[in-house]
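See below for input_28.txt, which holds compact mmCIF, C-alpha atoms.
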```txt
# COMPACT_ATOMS: atom_id res chain seq x y z
CA MET A 1 -292.10 268.29 129.81
CA VAL A 2 -293.74 270.62 132.34
CA LEU A 3 -290.32 271.89 133.44
CA TYR A 4 -289.34 272.50 129.82
CA PHE A 5 -292.30 274.78 129.18
CA VAL A 6 -291.91 276.60 132.48
CA GLU A 7 -288.27 277.30 131.62
CA GLN A 8 -288.96 278.28 128.00
CA VAL A 9 -292.12 280.40 128.40
CA PRO A 10 -291.75 283.28 130.88
CA GLN A 11 -294.43 283.41 133.56
CA VAL A 12 -296.46 280.58 132.06
CA THR A 13 -299.91 280.28 133.63
CA LYS A 14 -301.72 277.04 134.39
CA THR A 15 -304.16 277.57 131.51
CA LYS A 16 -301.38 278.19 129.01
CA LEU A 17 -299.28 275.29 130.31
CA ASN A 18 -302.24 272.94 129.93
CA LYS A 19 -302.63 273.94 126.27
CA LEU A 20 -298.89 273.68 125.53
CA LEU A 21 -298.92 270.13 126.91
CA PHE A 22 -302.03 269.26 124.89
CA TYR A 23 -300.66 270.56 121.60
CA THR A 24 -297.31 268.87 122.12
CA ASP A 25 -298.72 265.48 123.05
CA PHE A 26 -301.34 265.47 120.32
CA LYS A 27 -298.98 266.66 117.60
CA PHE A 28 -296.42 264.02 118.61
CA PHE A 29 -299.16 261.37 118.62
CA ALA A 30 -300.28 262.39 115.12
CA GLN A 31 -296.75 261.90 113.84
CA ASN A 32 -295.69 258.86 115.90
CA THR A 33 -298.87 257.08 117.15
CA VAL A 34 -297.72 257.57 120.74
CA SER A 35 -297.79 260.66 122.96
CA ILE A 36 -294.78 261.95 124.84
CA THR A 37 -296.31 261.89 128.32
CA GLY A 38 -298.95 259.17 128.03
CA VAL A 39 -301.28 261.46 129.99
CA PRO A 40 -304.99 261.43 129.09
CA TYR A 41 -306.60 264.81 128.32
CA ALA A 42 -310.07 266.02 129.22
CA ARG A 43 -312.35 268.74 127.88
CA LEU A 44 -312.88 271.59 130.32
CA PRO A 45 -314.48 275.01 129.71
CA TYR A 46 -311.16 276.75 128.94
CA GLY A 47 -309.98 274.01 126.59
CA PRO A 48 -308.25 270.63 126.73
CA VAL A 49 -306.24 269.87 129.85
CA PRO A 50 -304.24 266.95 131.22
CA ASN A 51 -306.74 264.87 133.18
CA ASP A 52 -306.29 265.55 136.91
CA TYR A 53 -303.77 268.29 136.09
CA SER A 54 -303.97 269.65 139.67
CA LEU A 55 -302.63 266.32 140.93
CA LEU A 56 -299.92 266.36 138.27
CA TYR A 57 -298.71 269.86 139.16
CA GLY A 58 -299.09 269.15 142.87
CA ALA A 59 -296.86 266.08 142.58
CA ILE A 60 -294.20 268.11 140.74
CA GLU A 61 -294.46 270.84 143.39
CA ASN A 62 -294.17 268.25 146.20
CA ALA A 63 -291.02 266.95 144.50
CA LYS A 64 -289.64 270.50 144.88
CA GLN A 65 -289.29 271.00 141.12
CA LEU A 66 -292.10 273.49 140.50
CA ARG A 67 -293.50 276.46 142.36
CA GLU A 68 -296.63 278.50 141.76
CA GLU A 69 -296.04 282.24 142.16
CA VAL A 70 -298.58 285.04 142.58
CA SER A 71 -298.32 288.33 140.70
CA ILE A 72 -300.42 291.46 140.99
CA ASP A 73 -300.55 293.60 137.86
CA GLY A 74 -302.77 296.68 137.79
CA GLY A 75 -304.85 295.33 140.67
CA THR A 76 -305.37 291.97 138.96
CA GLU A 77 -303.97 288.92 140.73
CA TRP A 78 -302.79 285.95 138.66
CA THR A 79 -300.52 282.97 139.16
CA PHE A 80 -297.72 281.52 137.09
CA PHE A 81 -295.16 278.75 137.47
CA THR A 82 -291.43 278.89 138.11
CA THR A 83 -289.01 275.98 138.22
CA THR A 84 -286.90 275.04 141.19
CA ALA A 85 -285.10 272.30 139.24
CA ASN A 86 -283.44 272.18 135.84
CA PHE A 87 -285.08 270.54 132.86
CA ASN A 88 -283.31 267.28 131.96
CA SER A 89 -283.22 266.97 128.16
CA ALA A 90 -281.62 263.52 128.43
CA LEU A 91 -285.05 262.14 129.37
CA PHE A 92 -286.38 262.92 125.87
CA THR A 93 -285.60 261.80 122.34
CA GLU A 94 -284.54 264.26 119.64
CA LYS A 95 -287.98 263.96 118.03
CA GLU A 96 -289.71 264.70 121.34
CA LEU A 97 -287.50 267.72 121.99
CA ALA A 98 -288.09 269.00 118.44
CA THR A 99 -291.86 268.78 118.95
CA MET A 100 -291.61 270.60 122.28
CA MET A 101 -289.48 273.35 120.67
CA ASP A 102 -291.96 273.64 117.82
CA THR A 103 -294.82 274.10 120.31
CA VAL A 104 -292.95 276.98 121.97
CA ARG A 105 -292.22 278.53 118.57
CA ARG A 106 -295.87 278.29 117.48
CA PHE A 107 -297.62 279.17 120.73
CA GLY A 108 -295.16 280.60 123.25
CA HIS A 109 -295.97 284.19 122.25
CA LEU A 110 -299.73 283.76 122.75
CA ASN A 111 -301.32 284.64 126.07
CA ALA A 112 -303.52 282.16 127.94
CA SER A 113 -306.77 283.57 126.53
CA GLU A 114 -305.53 283.47 122.95
CA LEU A 115 -304.28 279.92 123.32
CA SER A 116 -307.52 278.86 125.00
CA GLU A 117 -309.49 280.36 122.10
CA LYS A 118 -307.29 278.52 119.61
CA SER A 119 -307.88 275.23 121.42
CA HIS A 120 -311.66 275.81 121.21
CA GLN A 121 -311.33 275.66 117.42
CA GLU A 122 -309.96 272.13 117.61
CA ARG A 123 -312.29 269.24 116.84
CA ALA A 124 -310.84 267.46 119.90
CA TRP A 125 -312.46 270.08 122.11
CA GLN A 126 -315.61 270.70 120.06
CA ALA A 127 -316.63 267.05 119.65
CA ASN A 128 -316.47 266.18 123.36
CA ASP A 129 -318.61 267.01 126.36
CA THR A 130 -317.22 268.94 129.32
CA GLY A 131 -315.42 266.66 131.75
CA LYS A 132 -315.03 263.83 129.23
CA LEU A 133 -311.70 262.40 128.12
CA ILE A 134 -310.47 263.32 124.64
CA SER A 135 -309.32 260.47 122.44
CA TYR A 136 -305.86 260.82 120.92
CA LEU A 137 -307.52 259.84 117.62
CA TYR A 138 -308.39 263.54 117.29
CA ALA A 139 -304.66 264.27 116.93
CA ASN A 140 -304.84 264.04 113.15
CA ASP A 141 -307.49 266.78 113.12
CA LEU A 142 -305.30 269.44 114.78
CA THR A 143 -305.45 272.72 112.90
CA THR A 144 -301.71 273.17 113.56
CA LEU A 145 -300.93 270.18 111.35
CA LYS A 146 -302.64 271.72 108.33
```

Represent the structure from my file as structure tokens, please.
Amino acid sequence: MVLYFVEQVPQVTKTKLNKLLFYTDFKFFAQNTVSITGVPYARLPYGPVPNDYSLLYGAIENAKQLREEVSIDGGTEWTFFTTTANFNSALFTEKELATMMDTVRRFGHLNASELSEKSHQERAWQANDTGKLISYLYANDLTTLK
């Protein structure tokens, strides 16, 4: 799923990628009582993130499928991901792919700050303490489902 978002959303940052994964997994869980990735999510200051996301992205980078790039724009340095492997849609069901496409349609145009702000409006983020895991039971409370 990480490769899908990196391919579909130009210059996706870590913060934005974390939110795209959260919204996709939680929406899919709300509709199917199972997430796509099975990854637990935690509350951090910039919003919900896959727990131990640095290890997750590091493992994908070590497998030579993901690379973090640095860009300097107007004196500001920021990083984004690029893929070094192709996304394999055969690993996903039609329902999973549809949910992933819907996430890109709904949120792909937002920048990382806007998406982080949106995630702060979710009960899943508001009802949990920083560093704590977020129960998938909050999936039914997503504002995007209303």

At most 10 Å is the cut-off: for each residue in region 37-62 of chain A with any atom that close to an atom of region 105-124 of chain A, write down the nearest atom pair and the distance in Å rounded to one decimal, counting only C-alpha atoms, chain first then increasing number, as CSV.
```
residue,atom,partner,partner_atom,distance
A:Tyr41,CA,A:Ala124,CA,9.8
A:Ala42,CA,A:Ala124,CA,9.5
A:Arg43,CA,A:Ala124,CA,8.2
A:Pro45,CA,A:His120,CA,9.0
A:Tyr46,CA,A:Ser116,CA,5.8
A:Gly47,CA,A:Ser116,CA,5.7
A:Pro48,CA,A:Ser119,CA,7.0
```

Selected residues written out, C-alpha atoms, as a PDB file, in the frame of the given file:
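Output file part_9.pdb follows:
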```
ATOM      1  CA  TYR A  41    -306.600 264.810 128.320  1.00  0.00           C
ATOM      2  CA  ALA A  42    -310.070 266.020 129.220  1.00  0.00           C
ATOM      3  CA  ARG A  43    -312.350 268.740 127.880  1.00  0.00           C
ATOM      4  CA  PRO A  45    -314.480 275.010 129.710  1.00  0.00           C
ATOM      5  CA  TYR A  46    -311.160 276.750 128.940  1.00  0.00           C
ATOM      6  CA  GLY A  47    -309.980 274.010 126.590  1.00  0.00           C
ATOM      7  CA  PRO A  48    -308.250 270.630 126.730  1.00  0.00           C
TER       8      PRO A  48
END
```

Subject >> Nearby residues, (-307.1, 261.9, 114.7) file frame, 10 Å, all atoms listed in the file, as an MDAnalysis selection string >> reply: chainID A and resid 26:27 29:30 33 123:124 135:142

Show me a table, sorted first by chain and then by increasing residue number, of the residues of region 6-80 of chain A having an atom at most 9 Å from region 84-95 of chain A, each with its shortest atom pair and the distance in Å to one decimal, counting all atoms listed in the file and written as a Markdown table.
```
| residue | atom | partner | partner_atom | distance |
| --- | --- | --- | --- | --- |
| A:Glu7 | CA | A:Phe87 | CA | 7.6 |
| A:Phe28 | CA | A:Lys95 | CA | 8.5 |
| A:Ile36 | CA | A:Phe92 | CA | 8.5 |
| A:Glu61 | CA | A:Thr84 | CA | 8.9 |
| A:Lys64 | CA | A:Thr84 | CA | 6.5 |
| A:Gln65 | CA | A:Thr84 | CA | 4.7 |
| A:Leu66 | CA | A:Thr84 | CA | 5.5 |
| A:Arg67 | CA | A:Thr84 | CA | 6.9 |
```

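The interatomic distance for the pair CA of Phe22 (chain A) and CA of Leu56 (chain A) works out to 13.9 Å.
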
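Between CA of Ala59 (chain A) and CA of Ser71 (chain A) the interatomic distance comes to 22.4 Å.
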
Subject >> Coordinates-based distance that separates CA of Thr143 (chain A) from CA of Thr103 (chain A) (Å, one decimal) >> reply: 13.0 Å

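With all atoms listed in the file as the atoms that count, the minimum distance from Val6 (chain A) to the choices A:Ala63, A:Leu145, A:Val104, A:Val70 is reached by A:Val104.
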
Original post:
From the set A:Ser35, A:Ser54, A:Thr24, A:Gln126, which residue has the shortest atom-to-atom contact distance to Phe5 (chain A), counting all atoms listed in the file?
Top reply: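 For Phe5 (chain A), the nearest of the candidates is A:Thr24.
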
Original post:
Counting only C-alpha atoms, which of A:Ile60, A:Ala98, A:Val49, A:Leu133 gets nearest to Leu20 (chain A)?
Top reply: A:Val49

Original post:
Which residue, A:Thr76, A:Leu55, A:Leu97, A:Trp125, has the smallest gap to Lys19 (chain A) when you use all atoms listed in the file?
Top reply: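 Using all atoms listed in the file, Lys19 (chain A) sits closest to A:Trp125.
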
Original post:
Of the residues A:Asp102, A:Asn32, A:Val39, A:Tyr53, which is the one nearest to Asn18 (chain A), using all atoms listed in the file?
Top reply: A:Tyr53
